[in-house]
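Reading through the structure tokens given below for one structure.
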Amino acid sequence: MRKRIFTSFAMEDKWIRDIFVGQAKNERVTYELVDMSVKIPWQNSWKTKCRERIKSCSGMIVLITKNLKNAEGAL
């Protein structure tokens, strides 16, 4: 069974997240990535849904870059 890993990042660093997504497609990788990227304006229910997904995961990857301090959703 593949473990679920939640990802958190600044949208400016989406290209780094895409590398992880590409690696996760390898059949030998034992995890799948869960992404809650905000692609539309914030909605109040987003935080609740996000917390539920985080709780259902085995771990989390946070991409820490200079852009993270401005990423409200990641924070």
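Following the order of the structure tokens, chains are lettered A, B, ..., residues in each are numbered from 1, and ligands are numbered from 1.
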
Test item: residues at most 12 Å from A:Gly22, only C-alpha atoms, excluding those fewer than 6 positions along its chain, as a PDB file with C-alpha atoms, in the first residue's frame:
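What ended up in around11.pdb:
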```
ATOM      1  CA  TRP A  15       8.216  23.599 -10.542  1.00  0.00           C
ATOM      2  CA  ILE A  16       9.950  22.000  -7.545  1.00  0.00           C
ATOM      3  CA  VAL A  29       8.024   4.687  -5.207  1.00  0.00           C
ATOM      4  CA  TYR A  31       4.167   7.066  -1.700  1.00  0.00           C
ATOM      5  CA  GLU A  32       1.580   9.206  -3.441  1.00  0.00           C
ATOM      6  CA  LEU A  33       1.408  12.988  -3.157  1.00  0.00           C
TER       7      LEU A  33
END
```

Using backbone DSSP assignments, extract all strand (DSSP E) residues from chain A; output them as a count of residues only. 15

Write down as JSON, numbers by chain the residues belonging to chain A that are assigned alpha helix (DSSP H) by DSSP computed on the backbone. {"A": [14, 15, 16, 17, 18, 19, 20, 21, 22, 23, 24, 44, 45, 46, 47, 48, 49, 50, 51, 52, 53, 54, 55]}

For A:Trp46, the nearest of the candidates A:Met60, A:Arg28, A:Gln23, A:Gly73, counting only C-alpha atoms: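 Once distances to A:Trp46 are computed over only C-alpha atoms, the minimum belongs to A:Gly73.
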
Would you mind telling me which residue in A:Thr7, A:Arg17, A:Lys66, A:Cys57 lies nearest to A:Asp35 when using only C-alpha atoms?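 Among the listed residues, the smallest separation from A:Asp35 belongs to A:Thr7.
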
re atom CA of A:Lys3 and atom CA of A:Ser58: distance 6.0 Å

At what distance in Å, to one decimal, does atom CA of A:Lys47 lie from atom CA of A:Asp13? 20.7 Å

Which residues are near A:Cys50? Cut-off 12 Å, only C-alpha atoms, ignore same chain within fewer than 4 positions. Put them as number ranges by chain. A: 6-8, 34-38, 43-46, 54-57, 73-74

Can you pull out every residue within 9 Å of A:Thr30, counting only C-alpha atoms, but drop anything in the same chain fewer than 5 positions away, and send it as a PyMOL selection string? chain A and resi 1-4+24

Quick one: pull the distance between atom CA of A:Glu12 and atom CA of A:Glu52, Å, one decimal. 24.7 Å

Neighbouring residues of stretch 9-11 of chain A were defined as those with any atom within 6 Å, considering only C-alpha atoms; residues of the same chain fewer than 3 positions away were excluded. Please report them as a ChimeraX atom specification. /A:14,62-63,67-68,71,74

Expected file: the selected residues, C-alpha atoms, as a PDB file, in the first residue's frame:
```
ATOM      1  CA  LYS A  14       5.441  24.825  -8.261  1.00  0.00           C
ATOM      2  CA  VAL A  62       7.095  21.357   2.977  1.00  0.00           C
ATOM      3  CA  LEU A  63       9.187  23.059   0.306  1.00  0.00           C
ATOM      4  CA  ASN A  67       8.872  32.378  -1.350  1.00  0.00           C
ATOM      5  CA  LEU A  68       7.247  30.433   1.493  1.00  0.00           C
ATOM      6  CA  ALA A  71       2.409  31.806   0.729  1.00  0.00           C
ATOM      7  CA  ALA A  74       1.276  27.033   2.926  1.00  0.00           C
TER       8      ALA A  74
END
```
